[in-house]
Amino acid sequence: MRALRILLIVAVILGGLFVIADRVAVGFAEDEVADRLRSSEGLAATPDVSINGFPFLTQVAGGELDDVKVGIKDYEAATGTSGQNIRIDDLNAQMRDVEFTGDYSSATAATATGSATITYAELLKAAKSAEPGPTEVVPGVTATVVGLSDGGNGKIKVEVEATVLGKELPKPVSVLSTVTVDGDTVKVKADSLPNLGIDLADGKMRAVTDFEQKIEGLPGGIKLDSVEAAKTGVDITVKGSNVSLAG
């Protein structure tokens with residue numbers, strides 16, 4: 001009985017040491033992957049990296065991690081226009097089946113899914129860059145987008161300031177718009193034209209109310225998947241395959 005008791009104590013101690021070693025190793029790996037990702041993507045701050053699954057050391061031995069989560073608070077994505085970026089907030093991605101080299105200089109996920117947000121303030125920049133000043137929609141009538149917000153039921157509320165025959169309307173008029181994804185582009189299209197008290201040419205007015213924003217160069221080659229209007233901005237989902245975390 002005494003020998004069995006001693007064996008159990010030794011087993012508990014060794015098990016505890018293995019857990020400690022496993023957690024130390026996973027912490028080191030998370031830091032390494034985060035540093036590599038920051039360098040390869042040119043990030044301003046080190047991202048959050050969590051390697052899930054236990055034990056970690058057996059995953060290392062197999063050369064593949066089951067589940068890696070990456071969080072980037074602020075990401076400057078390219079827009080396809082030289083010198084212009086768009087900020088994407090709270091980009092969180094879950095990577096599956098991540099193969100890596102021993103020094104973590106290269107890590108590639110078989111699949112990835114994630115989510116992020118583009119604030120209405122950032123999206124408004126796209127609307128204003130498309131039409132940088134008031135647009136004449138019919139002779140004597142000009143209009144410009146001045147605000148974007150949550151319109152409820154998955155719609156964006158687009159506010160338009162207008163001047164009719166030299167007189168500015170006392171307050172902005174608004175329309176509800178639908179937001180969609182087409183490839184690497186977020187598109188906003190008004191469900192109907194705003195009421196300015198006069199007949200409007202559809203094409204001319206939509207040059208003001210409708211706009212789009214290309215989003216390129218997301219981390220690791222992930223792509224836009226879907227988009228939906230939300231409280232503080234547009235929520236997007238992303239997905240990808242053979243996504244590079246480093247290297």
# chains A, B, ... in the order shown; residues from 1 in each chain; ligands from 1

call {"tool": "select_by_dssp", "arguments": {"residues": "segment 125-229 of chain A", "states": "helix (DSSP H, G or I)", "output": "CSV table (one decimal) with C-alpha atoms, in the first residue's frame"}}
result
chain,number,residue,atom,x,y,z
A,125,LYS,CA,-15.4,58.6,-45.7
A,126,ALA,CA,-16.1,56.3,-48.6
A,127,ALA,CA,-19.3,58.1,-49.5
A,128,LYS,CA,-17.6,61.5,-49.3
A,129,SER,CA,-14.6,60.4,-51.3
A,130,ALA,CA,-16.9,59.1,-54.1
A,202,ASP,CA,-32.8,58.4,-60.5
A,203,GLY,CA,-29.3,58.2,-61.9
A,204,LYS,CA,-28.2,61.6,-60.7
A,205,MET,CA,-29.6,61.2,-57.2
A,206,ARG,CA,-28.1,57.7,-56.8
A,207,ALA,CA,-24.7,59.2,-57.6
A,208,VAL,CA,-25.1,60.8,-54.2
A,209,THR,CA,-27.0,58.2,-52.1
A,219,PRO,CA,-4.6,39.5,-43.0
A,220,GLY,CA,-3.4,36.2,-44.3
A,221,GLY,CA,-5.5,36.5,-47.5

call {"tool": "residues_around", "arguments": {"residues": "segment 242-245 of chain A", "least_positions_apart": "6", "cutoff": "6 Å", "atoms": "only C-alpha atoms", "output": "PyMOL selection string"}}
result
chain A and resi 37+107-110+220-221

call {"tool": "closest_residue", "arguments": {"among": "A:Gly217, A:Pro172, A:Gly80, A:Gly233", "to": "Ser149 of chain A", "atoms": "only C-alpha atoms"}}
result
A:Gly233

call {"tool": "closest_residue", "arguments": {"among": "A:Gln213, A:Thr142, A:Gln94, A:Ser174", "to": "Asn195 of chain A", "atoms": "only C-alpha atoms"}}
result
A:Ser174

call {"tool": "select_by_dssp", "arguments": {"residues": "segment 15-220 of chain A", "states": "strand (DSSP E or B)", "output": "PyMOL selection string"}}
result
chain A and resi 48-52+64-78+85-100+107-119+135-138+141-152+155-164+167-168+173-182+185-190+211-214+216

call {"tool": "residues_around", "arguments": {"residues": "Leu91 of chain A", "least_positions_apart": "5", "cutoff": "8 Å", "atoms": "only C-alpha atoms", "output": "list in words"}}
result
Gly71, Ile72, Lys73, Asp74, Tyr75, Gly114, Ser115, Ala116 and Thr117 of chain A

call {"tool": "write_last_selection", "arguments": {"atoms": "C-alpha atoms", "output": "compact mmCIF listing (two decimals), in the first residue's frame"}}
result
# COMPACT_ATOMS: atom_id res chain seq x y z
CA GLY A 71 -7.60 39.21 -32.51
CA ILE A 72 -6.55 42.50 -34.12
CA LYS A 73 -8.09 45.59 -32.54
CA ASP A 74 -7.42 48.05 -35.38
CA TYR A 75 -6.47 47.03 -38.90
CA GLY A 114 -14.00 35.52 -38.51
CA SER A 115 -15.80 38.79 -37.91
CA ALA A 116 -15.07 42.51 -37.72
CA THR A 117 -16.75 45.92 -37.77

call {"tool": "residues_around", "arguments": {"residues": "Gly151 of chain A", "least_positions_apart": "5", "cutoff": "10 Å", "atoms": "only C-alpha atoms", "output": "list in words"}}
result
Ile156, Lys157, Val158, Ser174, Val175, Leu176, Ser177, Thr178, Ala229, Ala230 and Lys231 of chain A

call {"tool": "residues_around", "arguments": {"residues": "Gly53 of chain A", "least_positions_apart": "4", "cutoff": "9 Å", "atoms": "only C-alpha atoms", "output": "VMD selection string"}}
result
chain A and resid 59 65 to 68

call {"tool": "write_last_selection", "arguments": {"atoms": "N, CA, C and O atoms", "output": "CSV table (one decimal), in the first residue's frame"}}
result
chain,number,residue,atom,x,y,z
A,59,GLN,N,0.3,18.4,-29.9
A,59,GLN,CA,0.1,19.1,-31.1
A,59,GLN,C,1.4,19.5,-31.8
A,59,GLN,O,1.5,19.4,-33.0
A,65,LEU,N,-1.6,22.6,-35.3
A,65,LEU,CA,-2.4,23.1,-34.2
A,65,LEU,C,-3.9,23.0,-34.6
A,65,LEU,O,-4.2,23.4,-35.7
A,66,ASP,N,-4.7,22.5,-33.7
A,66,ASP,CA,-6.1,22.3,-34.0
A,66,ASP,C,-6.9,23.6,-34.2
A,66,ASP,O,-7.7,23.8,-35.1
A,67,ASP,N,-6.6,24.6,-33.3
A,67,ASP,CA,-7.5,25.7,-33.2
A,67,ASP,C,-6.7,26.9,-32.7
A,67,ASP,O,-6.2,26.9,-31.6
A,68,VAL,N,-6.5,28.0,-33.6
A,68,VAL,CA,-5.8,29.2,-33.2
A,68,VAL,C,-6.7,30.4,-33.4
A,68,VAL,O,-7.3,30.5,-34.5

call {"tool": "atom_distance", "arguments": {"atom1": "atom CA of Lys171 of chain A", "atom2": "atom CA of Val186 of chain A"}}
result
27.9 Å

call {"tool": "atom_distance", "arguments": {"atom1": "atom CA of Lys239 of chain A", "atom2": "atom CA of Asp90 of chain A"}}
result
15.2 Å

call {"tool": "atom_distance", "arguments": {"atom1": "atom CA of Ala93 of chain A", "atom2": "atom CA of Thr232 of chain A"}}
result
20.2 Å

call {"tool": "residues_around", "arguments": {"residues": "Gly183 of chain A", "least_positions_apart": "3", "cutoff": "9 Å", "atoms": "only C-alpha atoms", "output": "PyMOL selection string"}}
result
chain A and resi 186+214+223-225

call {"tool": "write_last_selection", "arguments": {"atoms": "C-alpha atoms", "output": "PDB file, in the first residue's frame"}}
result
ATOM      1  CA  VAL A 186     -18.987  46.628 -49.763  1.00  0.00           C
ATOM      2  CA  LYS A 214     -13.347  48.167 -51.875  1.00  0.00           C
ATOM      3  CA  LYS A 223     -11.801  37.545 -47.833  1.00  0.00           C
ATOM      4  CA  LEU A 224     -15.100  39.325 -47.195  1.00  0.00           C
ATOM      5  CA  ASP A 225     -17.992  36.889 -46.856  1.00  0.00           C
TER       6      ASP A 225
END

call {"tool": "decode", "arguments": {"residues": "segment 173-213 of chain A", "atoms": "N, CA and C atoms", "output": "mmCIF file, in the first residue's frame"}}
result
data_model
loop_
_atom_site.group_PDB
_atom_site.id
_atom_site.type_symbol
_atom_site.label_atom_id
_atom_site.label_comp_id
_atom_site.auth_asym_id
_atom_site.auth_seq_id
_atom_site.Cartn_x
_atom_site.Cartn_y
_atom_site.Cartn_z
ATOM 1 N N VAL A 173 -32.569 65.148 -45.146
ATOM 2 C CA VAL A 173 -33.559 64.115 -45.434
ATOM 3 C C VAL A 173 -32.828 62.777 -45.374
ATOM 4 N N SER A 174 -33.560 61.718 -45.117
ATOM 5 C CA SER A 174 -32.898 60.426 -44.963
ATOM 6 C C SER A 174 -33.585 59.351 -45.800
ATOM 7 N N VAL A 175 -32.811 58.337 -46.141
ATOM 8 C CA VAL A 175 -33.324 57.165 -46.840
ATOM 9 C C VAL A 175 -32.742 55.931 -46.179
ATOM 10 N N LEU A 176 -33.438 54.823 -46.292
ATOM 11 C CA LEU A 176 -32.917 53.544 -45.821
ATOM 12 C C LEU A 176 -32.224 52.848 -46.978
ATOM 13 N N SER A 177 -31.064 52.270 -46.683
ATOM 14 C CA SER A 177 -30.259 51.645 -47.725
ATOM 15 C C SER A 177 -29.898 50.219 -47.356
ATOM 16 N N THR A 178 -29.684 49.416 -48.374
ATOM 17 C CA THR A 178 -29.273 48.023 -48.202
ATOM 18 C C THR A 178 -27.773 47.912 -48.437
ATOM 19 N N VAL A 179 -27.095 47.147 -47.581
ATOM 20 C CA VAL A 179 -25.656 46.949 -47.713
ATOM 21 C C VAL A 179 -25.384 45.499 -48.094
ATOM 22 N N THR A 180 -24.524 45.307 -49.085
ATOM 23 C CA THR A 180 -24.201 43.969 -49.573
ATOM 24 C C THR A 180 -22.701 43.864 -49.814
ATOM 25 N N VAL A 181 -22.254 42.627 -50.044
ATOM 26 C CA VAL A 181 -20.863 42.368 -50.413
ATOM 27 C C VAL A 181 -20.830 41.779 -51.810
ATOM 28 N N ASP A 182 -19.949 42.306 -52.638
ATOM 29 C CA ASP A 182 -19.729 41.772 -53.977
ATOM 30 C C ASP A 182 -18.219 41.591 -54.150
ATOM 31 N N GLY A 183 -17.748 40.364 -53.956
ATOM 32 C CA GLY A 183 -16.309 40.113 -54.017
ATOM 33 C C GLY A 183 -15.585 40.805 -52.879
ATOM 34 N N ASP A 184 -14.685 41.720 -53.205
ATOM 35 C CA ASP A 184 -13.946 42.446 -52.178
ATOM 36 C C ASP A 184 -14.507 43.847 -51.948
ATOM 37 N N THR A 185 -15.790 44.054 -52.329
ATOM 38 C CA THR A 185 -16.378 45.387 -52.264
ATOM 39 C C THR A 185 -17.664 45.405 -51.441
ATOM 40 N N VAL A 186 -17.762 46.372 -50.522
ATOM 41 C CA VAL A 186 -18.987 46.628 -49.763
ATOM 42 C C VAL A 186 -19.797 47.665 -50.530
ATOM 43 N N LYS A 187 -21.073 47.353 -50.821
ATOM 44 C CA LYS A 187 -21.912 48.254 -51.599
ATOM 45 C C LYS A 187 -23.111 48.721 -50.776
ATOM 46 N N VAL A 188 -23.405 50.008 -50.851
ATOM 47 C CA VAL A 188 -24.564 50.595 -50.172
ATOM 48 C C VAL A 188 -25.483 51.184 -51.233
ATOM 49 N N LYS A 189 -26.748 50.724 -51.255
ATOM 50 C CA LYS A 189 -27.706 51.184 -52.264
ATOM 51 C C LYS A 189 -29.017 51.574 -51.603
ATOM 52 N N ALA A 190 -29.492 52.780 -51.903
ATOM 53 C CA ALA A 190 -30.742 53.282 -51.318
ATOM 54 C C ALA A 190 -31.928 52.463 -51.815
ATOM 55 N N ASP A 191 -32.829 52.132 -50.890
ATOM 56 C CA ASP A 191 -34.034 51.394 -51.272
ATOM 57 C C ASP A 191 -34.988 52.269 -52.081
ATOM 58 N N SER A 192 -34.944 53.586 -51.818
ATOM 59 C CA SER A 192 -35.763 54.545 -52.567
ATOM 60 C C SER A 192 -35.065 55.896 -52.513
ATOM 61 N N LEU A 193 -35.488 56.816 -53.353
ATOM 62 C CA LEU A 193 -34.861 58.135 -53.389
ATOM 63 C C LEU A 193 -35.427 59.041 -52.297
ATOM 64 N N PRO A 194 -34.601 59.966 -51.780
ATOM 65 C CA PRO A 194 -35.112 60.891 -50.759
ATOM 66 C C PRO A 194 -36.134 61.862 -51.347
ATOM 67 N N ASN A 195 -37.034 62.303 -50.518
ATOM 68 C CA ASN A 195 -38.086 63.232 -50.950
ATOM 69 C C ASN A 195 -37.601 64.667 -50.753
ATOM 70 N N LEU A 196 -37.270 65.324 -51.857
ATOM 71 C CA LEU A 196 -36.843 66.728 -51.795
ATOM 72 C C LEU A 196 -37.944 67.673 -52.262
ATOM 73 N N GLY A 197 -39.134 67.132 -52.473
ATOM 74 C CA GLY A 197 -40.266 67.965 -52.877
ATOM 75 C C GLY A 197 -40.327 68.229 -54.360
ATOM 76 N N ILE A 198 -39.429 67.592 -55.124
ATOM 77 C CA ILE A 198 -39.421 67.762 -56.566
ATOM 78 C C ILE A 198 -39.117 66.407 -57.209
ATOM 79 N N ASP A 199 -39.369 66.312 -58.518
ATOM 80 C CA ASP A 199 -39.031 65.083 -59.229
ATOM 81 C C ASP A 199 -37.514 65.010 -59.418
ATOM 82 N N LEU A 200 -36.954 63.836 -59.118
ATOM 83 C CA LEU A 200 -35.508 63.664 -59.207
ATOM 84 C C LEU A 200 -35.160 62.629 -60.261
ATOM 85 N N ALA A 201 -34.068 62.872 -60.938
ATOM 86 C CA ALA A 201 -33.557 61.889 -61.894
ATOM 87 C C ALA A 201 -32.861 60.789 -61.100
ATOM 88 N N ASP A 202 -33.336 59.545 -61.288
ATOM 89 C CA ASP A 202 -32.840 58.417 -60.502
ATOM 90 C C ASP A 202 -31.320 58.297 -60.552
ATOM 91 N N GLY A 203 -30.761 58.328 -61.748
ATOM 92 C CA GLY A 203 -29.325 58.154 -61.898
ATOM 93 C C GLY A 203 -28.531 59.236 -61.202
ATOM 94 N N LYS A 204 -28.938 60.474 -61.361
ATOM 95 C CA LYS A 204 -28.231 61.592 -60.741
ATOM 96 C C LYS A 204 -28.275 61.522 -59.222
ATOM 97 N N MET A 205 -29.441 61.200 -58.664
ATOM 98 C CA MET A 205 -29.576 61.160 -57.217
ATOM 99 C C MET A 205 -28.804 59.990 -56.634
ATOM 100 N N ARG A 206 -28.809 58.886 -57.342
ATOM 101 C CA ARG A 206 -28.079 57.718 -56.835
ATOM 102 C C ARG A 206 -26.564 57.923 -56.876
ATOM 103 N N ALA A 207 -26.112 58.881 -57.647
ATOM 104 C CA ALA A 207 -24.699 59.236 -57.617
ATOM 105 C C ALA A 207 -24.320 59.799 -56.251
ATOM 106 N N VAL A 208 -25.344 60.266 -55.510
ATOM 107 C CA VAL A 208 -25.129 60.796 -54.161
ATOM 108 C C VAL A 208 -25.384 59.716 -53.112
ATOM 109 N N THR A 209 -26.541 59.082 -53.188
ATOM 110 C CA THR A 209 -26.954 58.159 -52.117
ATOM 111 C C THR A 209 -26.240 56.807 -52.168
ATOM 112 N N ASP A 210 -25.887 56.333 -53.368
ATOM 113 C CA ASP A 210 -25.295 54.999 -53.509
ATOM 114 C C ASP A 210 -23.781 55.114 -53.621
ATOM 115 N N PHE A 211 -23.083 54.235 -52.929
ATOM 116 C CA PHE A 211 -21.617 54.249 -53.001
ATOM 117 C C PHE A 211 -21.093 52.871 -52.644
ATOM 118 N N GLU A 212 -19.820 52.664 -52.875
ATOM 119 C CA GLU A 212 -19.205 51.381 -52.562
ATOM 120 C C GLU A 212 -17.793 51.591 -52.038
ATOM 121 N N GLN A 213 -17.305 50.593 -51.316
ATOM 122 C CA GLN A 213 -15.971 50.659 -50.736
ATOM 123 C C GLN A 213 -15.242 49.332 -50.938
#
